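Working notes, beginning with the structure itself.
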Amino acid sequence: MEYLAIVLFVIIFILILRGYPVAFTLGGISVAFAFGVSIFAPDVFQMSTFYLLPSRIMGVVNNYVLMAVPLFIFMGIMLEKSGLAQSLLETMAMMFGRIRGGLAISVVIVGALLAASTGIVGATVVTMGLISLPTMLKRGYKTELATGVIASSGTLGQIIPPSIVLVLLADTINSSSRGSASVDVGALFSAALLPGLILVGLYIAYILIKAMIHKEDAPSIPAEEIKEFRGSNFGSKIIKVLLLPVLLIMLVLGSIFTGIASPTEASAIGAIGATLLTVIQKKFSVKILKEVTRETTKLTTMVFFILLGATTFTLVFRALGGDSYLQELIMSSNLTPLMFLLLVMLVVFIAGFFIDFIEIVFIIVPVVTPVFNAFDMNMLWVGVLIALNLQTSFLTPPFGFALFYLKGVAPDSVKTSQIYKGIVPFIIIQLLIVGLVMFFPEIIFIQK
């Protein structure tokens, strides 16, 4: 009767694809399904199992690591609402303005900084689309290149730490491992950093090559305009707008990597630092603070409601023997560890077309983690691959979420087909990175 757990998983997945609320679908359907099974097959599932649920829920609520989620969200939204992103883009554009494609390079760097601090794909893509797309089109950039740069840069928060998806991924892997080797959030940050930086470097290399071959696609900024911008207080602008945010992110990551602070403590530093930067920029106000706290509360509530629903689903799934059944099924099918990994990557990739990364982390990862542990695979390596995979799926036509977000804020003159064409080179770059990390795991300083 263990196949009932797989039936439960399929039912929930179908309902989520049909648009039902994820948090309530996960928890509600799991309880209803378990109740029905307990009536018709009490030997398979007993309702007394739900006595364990309160302790599971309190375990989530009291989880020290998950405190980093609202603090990192606060940090990112504060930097976004303060107008720092726009100031960053203007300053970086003038720094790289003499280079063909310099504005696009600025978008990649600012997108990486903003994405890393925010960690929410939709917010980053929308922000960068509103700020940079009209500017790039006005300066003569080819539409396909402009939209491709913005959409791909907006998803960098999936892999560049400090990233919310990495925090949630580490916690989900640990809670699903049942005493197996755990994944430390700081270690996952460290492992994901180099692939993320390589990805940014390849984006910039592609832009430079593209601008060199097709000069009309990525024009440089006129020298007079650059001179005018640099004429007054350019040094102070660089310090306030560029160096301080970079120092803040380095402080947050450095404190984690050196062991001075835990990810949760570092996230508190980031939240306070983002607020101080807003004050320095003279953009801080009660209105801004209200908007930031409101958005932080909304996003945090969404994440934790989904997490509580996922906790209920995981309890029922395991009580029905789903994890053991899936593990036996995979082992008996003679799949090699690499073949199973490729299968999971394909499922995550396709799922990314239809549902958000939070749902994928809370639904699919707990189901497959016990099998990865049975294969004795390094979950740090697997975690980085899943994060990279999620990022790629958000960009892939025709259902990539990032493309929808960008189309929603793009001018009417920008066609969907142009967004699809523009993203193709960046998808190829990302698939290349996924392949490199998969077959050369030493990139993240671990052994396969």
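Identifiers in the structure tokens: chain A, B, ... in order shown; residue index from 1 per chain; ligand index from 1 in order shown.
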All residues 10 Å or closer to Asp217 of chain A, only C-alpha atoms, same chain fewer than 4 positions away omitted, as a PDB file with N, CA and C atoms, in the first residue's frame:
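After the write, part.pdb holds the following:
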ATOM      1  N   ARG A 100      31.867  49.371 -25.243  1.00  0.00           N
ATOM      2  CA  ARG A 100      30.650  48.913 -25.919  1.00  0.00           C
ATOM      3  C   ARG A 100      30.034  47.775 -25.102  1.00  0.00           C
ATOM      4  N   GLY A 101      28.762  47.925 -24.785  1.00  0.00           N
ATOM      5  CA  GLY A 101      28.106  46.950 -23.924  1.00  0.00           C
ATOM      6  C   GLY A 101      28.276  47.273 -22.456  1.00  0.00           C
ATOM      7  N   GLY A 140      19.780  52.691 -27.559  1.00  0.00           N
ATOM      8  CA  GLY A 140      20.007  51.987 -28.817  1.00  0.00           C
ATOM      9  C   GLY A 140      20.367  50.523 -28.706  1.00  0.00           C
ATOM     10  N   TYR A 141      20.222  49.937 -27.536  1.00  0.00           N
ATOM     11  CA  TYR A 141      20.515  48.511 -27.395  1.00  0.00           C
ATOM     12  C   TYR A 141      19.484  47.680 -28.138  1.00  0.00           C
ATOM     13  N   LYS A 142      19.931  46.584 -28.716  1.00  0.00           N
ATOM     14  CA  LYS A 142      19.004  45.677 -29.379  1.00  0.00           C
ATOM     15  C   LYS A 142      18.079  45.069 -28.332  1.00  0.00           C
ATOM     16  N   THR A 143      16.804  44.993 -28.660  1.00  0.00           N
ATOM     17  CA  THR A 143      15.805  44.541 -27.687  1.00  0.00           C
ATOM     18  C   THR A 143      16.125  43.161 -27.135  1.00  0.00           C
ATOM     19  N   GLU A 144      16.545  42.247 -28.023  1.00  0.00           N
ATOM     20  CA  GLU A 144      16.831  40.880 -27.586  1.00  0.00           C
ATOM     21  C   GLU A 144      17.958  40.849 -26.561  1.00  0.00           C
ATOM     22  N   LEU A 145      19.006  41.628 -26.800  1.00  0.00           N
ATOM     23  CA  LEU A 145      20.133  41.650 -25.863  1.00  0.00           C
ATOM     24  C   LEU A 145      19.711  42.276 -24.533  1.00  0.00           C
ATOM     25  N   ALA A 146      18.981  43.377 -24.597  1.00  0.00           N
ATOM     26  CA  ALA A 146      18.567  44.068 -23.377  1.00  0.00           C
ATOM     27  C   ALA A 146      17.694  43.179 -22.499  1.00  0.00           C
ATOM     28  N   ILE A 207      28.576  39.380 -23.380  1.00  0.00           N
ATOM     29  CA  ILE A 207      28.189  40.747 -23.759  1.00  0.00           C
ATOM     30  C   ILE A 207      29.322  41.430 -24.515  1.00  0.00           C
ATOM     31  N   LYS A 210      29.622  39.868 -27.971  1.00  0.00           N
ATOM     32  CA  LYS A 210      28.465  40.296 -28.758  1.00  0.00           C
ATOM     33  C   LYS A 210      28.632  41.735 -29.229  1.00  0.00           C
ATOM     34  N   ALA A 211      29.077  42.620 -28.330  1.00  0.00           N
ATOM     35  CA  ALA A 211      29.264  44.029 -28.671  1.00  0.00           C
ATOM     36  C   ALA A 211      30.416  44.230 -29.648  1.00  0.00           C
ATOM     37  N   MET A 212      31.403  43.353 -29.588  1.00  0.00           N
ATOM     38  CA  MET A 212      32.541  43.452 -30.490  1.00  0.00           C
ATOM     39  C   MET A 212      32.155  43.028 -31.912  1.00  0.00           C
ATOM     40  N   ILE A 213      31.325  41.985 -32.003  1.00  0.00           N
ATOM     41  CA  ILE A 213      30.926  41.469 -33.318  1.00  0.00           C
ATOM     42  C   ILE A 213      29.823  42.322 -33.931  1.00  0.00           C
TER      43      ILE A 213
END
Helix (DSSP H, G or I) positions in segment 33-256 of chain A, given as a VMD selection string: chain A and resid 33 to 40 47 to 61 65 to 81 84 to 95 102 to 118 121 to 138 143 to 154 156 to 158 164 to 176 185 to 213 215 to 217 223 to 230 234 to 256
Using only C-alpha atoms, which residue out of A:Ser175, A:Ser255, A:Asn373, A:Gln430 lies closest to Leu388 of chain A? A:Gln430
Could you tell me which of A:Val384, A:Val365, A:Ala112, A:Ile427 comes closest to Ala191 of chain A if we count only C-alpha atoms?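 Nearest to Ala191 of chain A: A:Val384.
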Spatial neighbours of segment 151-157 of chain A, 9 Å, only C-alpha atoms, chain gap at least 3 places, as a PyMOL selection string: chain A and resi 107-129+146-148+160-165+196+199-200+203+391-392+394-395+402-403+405-406+419+423+426-427
I'd like to know which of A:Val7, A:Val303, A:Leu338, A:Leu193 is closest to Leu66 of chain A, using only C-alpha atoms.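 Closest to Leu66 of chain A of all the choices is A:Val303.
Proximity to Asp376 of chain A was assessed for A:Pro441, A:Pro263, A:Pro337, A:Gly435 counting only C-alpha atoms; the smallest distance is recorded for A:Pro337.
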Calculate how many Å separate atom CA of Leu390 of chain A from atom CA of Met302 of chain A, rounding to one decimal.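 Going from atom CA of Leu390 of chain A over to atom CA of Met302 of chain A covers 19.0 Å.
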For Phe9 of chain A, which residue among A:Ala205, A:Val149, A:Tyr420, A:Phe33 is the nearest when counting only C-alpha atoms? A:Phe33
Pick the closest to Leu88 of chain A from A:Ile239, A:Ala68, A:Gly28, A:Tyr206: which is it, counting only C-alpha atoms? A:Ile239
When you look at Gly59 of chain A with a cut-off of 12 Å (counting only C-alpha atoms), what residues show up, excluding the ones that are within fewer than 3 positions of it in the same chain? I need them as a list in words.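 Counting only the stated atoms, we get Leu52, Leu53, Pro54, Ser55, Arg56, Asn62, Asn63, Tyr64, Val65, Leu66, Asp171, Ser175, Leu307, Leu308 and Thr311 of chain A.
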Do a neighbour search on Thr278 of chain A at 8 Å with only C-alpha atoms, toss out local chain neighbours closer than 6 positions, and write the hits as a ChimeraX atom specification. /A:78-79,82,84,284
Residue subset to file, keeping N, CA, C and O atoms, as a PDB file, in the first residue's frame:
ATOM      1  N   MET A  78      14.888  46.597   1.530  1.00  0.00           N
ATOM      2  CA  MET A  78      15.345  47.926   1.953  1.00  0.00           C
ATOM      3  C   MET A  78      16.270  48.536   0.897  1.00  0.00           C
ATOM      4  O   MET A  78      16.147  49.722   0.546  1.00  0.00           O
ATOM      5  N   LEU A  79      17.200  47.736   0.367  1.00  0.00           N
ATOM      6  CA  LEU A  79      18.088  48.232  -0.685  1.00  0.00           C
ATOM      7  C   LEU A  79      17.309  48.584  -1.946  1.00  0.00           C
ATOM      8  O   LEU A  79      17.645  49.534  -2.664  1.00  0.00           O
ATOM      9  N   SER A  82      14.899  51.807  -1.306  1.00  0.00           N
ATOM     10  CA  SER A  82      15.629  53.047  -1.051  1.00  0.00           C
ATOM     11  C   SER A  82      16.066  53.743  -2.331  1.00  0.00           C
ATOM     12  O   SER A  82      16.572  54.863  -2.282  1.00  0.00           O
ATOM     13  N   LEU A  84      18.445  52.616  -4.151  1.00  0.00           N
ATOM     14  CA  LEU A  84      19.872  52.354  -4.307  1.00  0.00           C
ATOM     15  C   LEU A  84      20.166  51.613  -5.606  1.00  0.00           C
ATOM     16  O   LEU A  84      21.215  51.814  -6.227  1.00  0.00           O
ATOM     17  N   PHE A 284      15.944  57.398   3.688  1.00  0.00           N
ATOM     18  CA  PHE A 284      15.178  56.738   4.744  1.00  0.00           C
ATOM     19  C   PHE A 284      14.013  57.615   5.199  1.00  0.00           C
ATOM     20  O   PHE A 284      14.155  58.826   5.356  1.00  0.00           O
TER      21      PHE A 284
END
Just the number, please: distance in Å from atom CA of Gly76 of chain A to atom CA of Lys138 of chain A, one decimal. 27.8 Å
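Take atom CA of Ala271 of chain A and atom CA of Val61 of chain A: the distance between them is 20.4 Å.
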Find the spatial neighbours of Ser262 of chain A, counting only C-alpha atoms, within a cut-off of 12 Å - ignore same-chain residues fewer than 3 positions away - and output them as a PDB file with all heavy atoms, in the first residue's frame.
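Everything below was put into out-v5.pdb:
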ATOM      1  N   TYR A  64      16.417  28.086  14.409  1.00  0.00           N
ATOM      2  CA  TYR A  64      17.288  29.266  14.454  1.00  0.00           C
ATOM      3  C   TYR A  64      17.769  29.665  13.062  1.00  0.00           C
ATOM      4  O   TYR A  64      17.865  30.860  12.740  1.00  0.00           O
ATOM      5  CB  TYR A  64      18.482  28.970  15.370  1.00  0.00           C
ATOM      6  CG  TYR A  64      19.462  30.094  15.523  1.00  0.00           C
ATOM      7  CD1 TYR A  64      19.137  31.235  16.262  1.00  0.00           C
ATOM      8  CD2 TYR A  64      20.720  30.031  14.934  1.00  0.00           C
ATOM      9  CE1 TYR A  64      20.047  32.278  16.402  1.00  0.00           C
ATOM     10  CE2 TYR A  64      21.632  31.063  15.071  1.00  0.00           C
ATOM     11  CZ  TYR A  64      21.289  32.179  15.802  1.00  0.00           C
ATOM     12  OH  TYR A  64      22.183  33.212  15.941  1.00  0.00           O
ATOM     13  N   VAL A  65      18.063  28.686  12.225  1.00  0.00           N
ATOM     14  CA  VAL A  65      18.579  28.975  10.878  1.00  0.00           C
ATOM     15  C   VAL A  65      17.552  29.733  10.050  1.00  0.00           C
ATOM     16  O   VAL A  65      17.885  30.674   9.307  1.00  0.00           O
ATOM     17  CB  VAL A  65      18.982  27.669  10.167  1.00  0.00           C
ATOM     18  CG1 VAL A  65      19.362  27.941   8.714  1.00  0.00           C
ATOM     19  CG2 VAL A  65      20.141  26.999  10.889  1.00  0.00           C
ATOM     20  N   LEU A  66      16.271  29.352  10.179  1.00  0.00           N
ATOM     21  CA  LEU A  66      15.227  29.972   9.364  1.00  0.00           C
ATOM     22  C   LEU A  66      14.959  31.424   9.755  1.00  0.00           C
ATOM     23  O   LEU A  66      14.277  32.144   9.012  1.00  0.00           O
ATOM     24  CB  LEU A  66      13.929  29.164   9.465  1.00  0.00           C
ATOM     25  CG  LEU A  66      13.962  27.785   8.795  1.00  0.00           C
ATOM     26  CD1 LEU A  66      12.656  27.050   9.018  1.00  0.00           C
ATOM     27  CD2 LEU A  66      14.254  27.913   7.306  1.00  0.00           C
ATOM     28  N   MET A  67      15.484  31.865  10.888  1.00  0.00           N
ATOM     29  CA  MET A  67      15.356  33.283  11.243  1.00  0.00           C
ATOM     30  C   MET A  67      16.072  34.167  10.233  1.00  0.00           C
ATOM     31  O   MET A  67      15.775  35.369  10.110  1.00  0.00           O
ATOM     32  CB  MET A  67      15.929  33.531  12.640  1.00  0.00           C
ATOM     33  CG  MET A  67      15.068  33.009  13.781  1.00  0.00           C
ATOM     34  SD  MET A  67      15.886  33.230  15.386  1.00  0.00           S
ATOM     35  CE  MET A  67      16.040  35.015  15.437  1.00  0.00           C
ATOM     36  N   ALA A  68      17.016  33.578   9.493  1.00  0.00           N
ATOM     37  CA  ALA A  68      17.750  34.355   8.489  1.00  0.00           C
ATOM     38  C   ALA A  68      16.851  34.768   7.329  1.00  0.00           C
ATOM     39  O   ALA A  68      17.126  35.764   6.646  1.00  0.00           O
ATOM     40  CB  ALA A  68      18.931  33.537   7.963  1.00  0.00           C
ATOM     41  N   PRO A 162      24.425  35.989  -0.271  1.00  0.00           N
ATOM     42  CA  PRO A 162      23.461  35.275   0.583  1.00  0.00           C
ATOM     43  C   PRO A 162      22.132  35.129  -0.128  1.00  0.00           C
ATOM     44  O   PRO A 162      21.551  36.113  -0.570  1.00  0.00           O
ATOM     45  CB  PRO A 162      23.330  36.197   1.800  1.00  0.00           C
ATOM     46  CG  PRO A 162      23.655  37.558   1.279  1.00  0.00           C
ATOM     47  CD  PRO A 162      24.648  37.372   0.189  1.00  0.00           C
ATOM     48  N   VAL A 167      19.324  29.015   1.791  1.00  0.00           N
ATOM     49  CA  VAL A 167      18.953  28.820   3.204  1.00  0.00           C
ATOM     50  C   VAL A 167      17.851  27.771   3.311  1.00  0.00           C
ATOM     51  O   VAL A 167      17.929  26.822   4.108  1.00  0.00           O
ATOM     52  CB  VAL A 167      18.488  30.151   3.834  1.00  0.00           C
ATOM     53  CG1 VAL A 167      17.985  29.908   5.257  1.00  0.00           C
ATOM     54  CG2 VAL A 167      19.623  31.169   3.845  1.00  0.00           C
ATOM     55  N   ASP A 184      25.467  22.331   6.035  1.00  0.00           N
ATOM     56  CA  ASP A 184      25.522  23.603   6.738  1.00  0.00           C
ATOM     57  C   ASP A 184      25.231  24.734   5.761  1.00  0.00           C
ATOM     58  O   ASP A 184      25.709  24.721   4.611  1.00  0.00           O
ATOM     59  CB  ASP A 184      26.906  23.783   7.359  1.00  0.00           C
ATOM     60  CG  ASP A 184      27.040  25.101   8.103  1.00  0.00           C
ATOM     61  OD1 ASP A 184      26.413  25.236   9.162  1.00  0.00           O
ATOM     62  OD2 ASP A 184      27.756  25.977   7.597  1.00  0.00           O
ATOM     63  N   VAL A 185      24.445  25.723   6.207  1.00  0.00           N
ATOM     64  CA  VAL A 185      24.084  26.833   5.331  1.00  0.00           C
ATOM     65  C   VAL A 185      25.335  27.588   4.881  1.00  0.00           C
ATOM     66  O   VAL A 185      25.480  27.927   3.701  1.00  0.00           O
ATOM     67  CB  VAL A 185      23.109  27.799   6.044  1.00  0.00           C
ATOM     68  CG1 VAL A 185      22.808  28.999   5.153  1.00  0.00           C
ATOM     69  CG2 VAL A 185      21.826  27.086   6.416  1.00  0.00           C
ATOM     70  N   GLY A 186      26.243  27.837   5.805  1.00  0.00           N
ATOM     71  CA  GLY A 186      27.475  28.532   5.448  1.00  0.00           C
ATOM     72  C   GLY A 186      28.291  27.770   4.421  1.00  0.00           C
ATOM     73  O   GLY A 186      28.853  28.359   3.492  1.00  0.00           O
ATOM     74  N   ALA A 187      28.344  26.445   4.573  1.00  0.00           N
ATOM     75  CA  ALA A 187      29.079  25.615   3.609  1.00  0.00           C
ATOM     76  C   ALA A 187      28.418  25.664   2.238  1.00  0.00           C
ATOM     77  O   ALA A 187      29.099  25.686   1.201  1.00  0.00           O
ATOM     78  CB  ALA A 187      29.152  24.179   4.107  1.00  0.00           C
ATOM     79  N   PHE A 189      26.606  28.186   1.090  1.00  0.00           N
ATOM     80  CA  PHE A 189      26.944  29.512   0.564  1.00  0.00           C
ATOM     81  C   PHE A 189      28.321  29.488  -0.092  1.00  0.00           C
ATOM     82  O   PHE A 189      28.519  29.988  -1.201  1.00  0.00           O
ATOM     83  CB  PHE A 189      26.946  30.548   1.699  1.00  0.00           C
ATOM     84  CG  PHE A 189      25.583  31.082   2.058  1.00  0.00           C
ATOM     85  CD1 PHE A 189      24.435  30.580   1.477  1.00  0.00           C
ATOM     86  CD2 PHE A 189      25.460  32.090   2.991  1.00  0.00           C
ATOM     87  CE1 PHE A 189      23.184  31.067   1.811  1.00  0.00           C
ATOM     88  CE2 PHE A 189      24.217  32.601   3.336  1.00  0.00           C
ATOM     89  CZ  PHE A 189      23.074  32.080   2.746  1.00  0.00           C
ATOM     90  N   VAL A 252      28.722  40.628   5.180  1.00  0.00           N
ATOM     91  CA  VAL A 252      27.773  39.551   5.494  1.00  0.00           C
ATOM     92  C   VAL A 252      28.367  38.194   5.133  1.00  0.00           C
ATOM     93  O   VAL A 252      28.385  37.260   5.954  1.00  0.00           O
ATOM     94  CB  VAL A 252      26.438  39.775   4.743  1.00  0.00           C
ATOM     95  CG1 VAL A 252      25.534  38.557   4.891  1.00  0.00           C
ATOM     96  CG2 VAL A 252      25.726  41.018   5.270  1.00  0.00           C
ATOM     97  N   LEU A 253      28.881  38.077   3.896  1.00  0.00           N
ATOM     98  CA  LEU A 253      29.440  36.797   3.461  1.00  0.00           C
ATOM     99  C   LEU A 253      30.731  36.471   4.198  1.00  0.00           C
ATOM    100  O   LEU A 253      30.962  35.321   4.587  1.00  0.00           O
ATOM    101  CB  LEU A 253      29.696  36.834   1.947  1.00  0.00           C
ATOM    102  CG  LEU A 253      28.471  36.881   1.045  1.00  0.00           C
ATOM    103  CD1 LEU A 253      28.892  36.913  -0.423  1.00  0.00           C
ATOM    104  CD2 LEU A 253      27.573  35.680   1.291  1.00  0.00           C
ATOM    105  N   GLY A 254      31.580  37.492   4.387  1.00  0.00           N
ATOM    106  CA  GLY A 254      32.856  37.255   5.061  1.00  0.00           C
ATOM    107  C   GLY A 254      32.674  36.760   6.481  1.00  0.00           C
ATOM    108  O   GLY A 254      33.404  35.866   6.934  1.00  0.00           O
ATOM    109  N   SER A 255      31.689  37.305   7.187  1.00  0.00           N
ATOM    110  CA  SER A 255      31.448  36.868   8.561  1.00  0.00           C
ATOM    111  C   SER A 255      30.968  35.419   8.615  1.00  0.00           C
ATOM    112  O   SER A 255      31.243  34.692   9.574  1.00  0.00           O
ATOM    113  CB  SER A 255      30.424  37.786   9.238  1.00  0.00           C
ATOM    114  OG  SER A 255      29.186  37.745   8.565  1.00  0.00           O
ATOM    115  N   ILE A 256      30.262  34.995   7.554  1.00  0.00           N
ATOM    116  CA  ILE A 256      29.794  33.602   7.487  1.00  0.00           C
ATOM    117  C   ILE A 256      30.947  32.669   7.136  1.00  0.00           C
ATOM    118  O   ILE A 256      31.178  31.647   7.794  1.00  0.00           O
ATOM    119  CB  ILE A 256      28.659  33.458   6.454  1.00  0.00           C
ATOM    120  CG1 ILE A 256      27.429  34.257   6.894  1.00  0.00           C
ATOM    121  CG2 ILE A 256      28.279  31.985   6.277  1.00  0.00           C
ATOM    122  CD1 ILE A 256      26.327  34.304   5.842  1.00  0.00           C
ATOM    123  N   PHE A 257      31.701  33.023   6.082  1.00  0.00           N
ATOM    124  CA  PHE A 257      32.764  32.144   5.590  1.00  0.00           C
ATOM    125  C   PHE A 257      33.898  31.979   6.597  1.00  0.00           C
ATOM    126  O   PHE A 257      34.523  30.927   6.680  1.00  0.00           O
ATOM    127  CB  PHE A 257      33.329  32.684   4.268  1.00  0.00           C
ATOM    128  CG  PHE A 257      32.344  32.652   3.130  1.00  0.00           C
ATOM    129  CD1 PHE A 257      32.528  33.447   2.008  1.00  0.00           C
ATOM    130  CD2 PHE A 257      31.226  31.833   3.172  1.00  0.00           C
ATOM    131  CE1 PHE A 257      31.634  33.423   0.954  1.00  0.00           C
ATOM    132  CE2 PHE A 257      30.317  31.805   2.129  1.00  0.00           C
ATOM    133  CZ  PHE A 257      30.522  32.599   1.027  1.00  0.00           C
ATOM    134  N   THR A 258      34.173  33.036   7.365  1.00  0.00           N
ATOM    135  CA  THR A 258      35.267  32.953   8.339  1.00  0.00           C
ATOM    136  C   THR A 258      34.811  32.351   9.667  1.00  0.00           C
ATOM    137  O   THR A 258      35.636  32.114  10.546  1.00  0.00           O
ATOM    138  CB  THR A 258      35.855  34.357   8.606  1.00  0.00           C
ATOM    139  OG1 THR A 258      34.808  35.228   9.056  1.00  0.00           O
ATOM    140  CG2 THR A 258      36.479  34.925   7.339  1.00  0.00           C
ATOM    141  N   GLY A 259      33.515  32.126   9.803  1.00  0.00           N
ATOM    142  CA  GLY A 259      33.005  31.533  11.032  1.00  0.00           C
ATOM    143  C   GLY A 259      32.784  32.520  12.153  1.00  0.00           C
ATOM    144  O   GLY A 259      32.465  32.125  13.285  1.00  0.00           O
ATOM    145  N   GLU A 265      23.001  35.305  12.241  1.00  0.00           N
ATOM    146  CA  GLU A 265      23.611  36.525  12.787  1.00  0.00           C
ATOM    147  C   GLU A 265      24.058  37.460  11.665  1.00  0.00           C
ATOM    148  O   GLU A 265      23.898  38.681  11.751  1.00  0.00           O
ATOM    149  CB  GLU A 265      24.804  36.144  13.675  1.00  0.00           C
ATOM    150  CG  GLU A 265      24.393  35.397  14.945  1.00  0.00           C
ATOM    151  CD  GLU A 265      25.572  34.712  15.614  1.00  0.00           C
ATOM    152  OE1 GLU A 265      26.605  34.494  14.962  1.00  0.00           O
ATOM    153  OE2 GLU A 265      25.444  34.368  16.809  1.00  0.00           O
ATOM    154  N   ALA A 266      24.598  36.877  10.599  1.00  0.00           N
ATOM    155  CA  ALA A 266      25.038  37.687   9.462  1.00  0.00           C
ATOM    156  C   ALA A 266      23.858  38.374   8.777  1.00  0.00           C
ATOM    157  O   ALA A 266      23.977  39.501   8.284  1.00  0.00           O
ATOM    158  CB  ALA A 266      25.789  36.812   8.461  1.00  0.00           C
ATOM    159  N   SER A 267      22.711  37.686   8.740  1.00  0.00           N
ATOM    160  CA  SER A 267      21.526  38.297   8.126  1.00  0.00           C
ATOM    161  C   SER A 267      21.060  39.508   8.925  1.00  0.00           C
ATOM    162  O   SER A 267      20.566  40.488   8.359  1.00  0.00           O
ATOM    163  CB  SER A 267      20.398  37.262   8.021  1.00  0.00           C
ATOM    164  OG  SER A 267      19.936  36.863   9.302  1.00  0.00           O
ATOM    165  N   ALA A 268      21.221  39.461  10.243  1.00  0.00           N
ATOM    166  CA  ALA A 268      20.886  40.616  11.074  1.00  0.00           C
ATOM    167  C   ALA A 268      21.822  41.785  10.773  1.00  0.00           C
ATOM    168  O   ALA A 268      21.387  42.947  10.695  1.00  0.00           O
ATOM    169  CB  ALA A 268      20.970  40.241  12.555  1.00  0.00           C
ATOM    170  N   ILE A 269      23.106  41.475  10.573  1.00  0.00           N
ATOM    171  CA  ILE A 269      24.062  42.514  10.180  1.00  0.00           C
ATOM    172  C   ILE A 269      23.644  43.132   8.852  1.00  0.00           C
ATOM    173  O   ILE A 269      23.689  44.354   8.665  1.00  0.00           O
ATOM    174  CB  ILE A 269      25.482  41.915  10.067  1.00  0.00           C
ATOM    175  CG1 ILE A 269      25.976  41.433  11.430  1.00  0.00           C
ATOM    176  CG2 ILE A 269      26.456  42.937   9.479  1.00  0.00           C
ATOM    177  CD1 ILE A 269      27.287  40.666  11.371  1.00  0.00           C
TER     178      ILE A 269
END
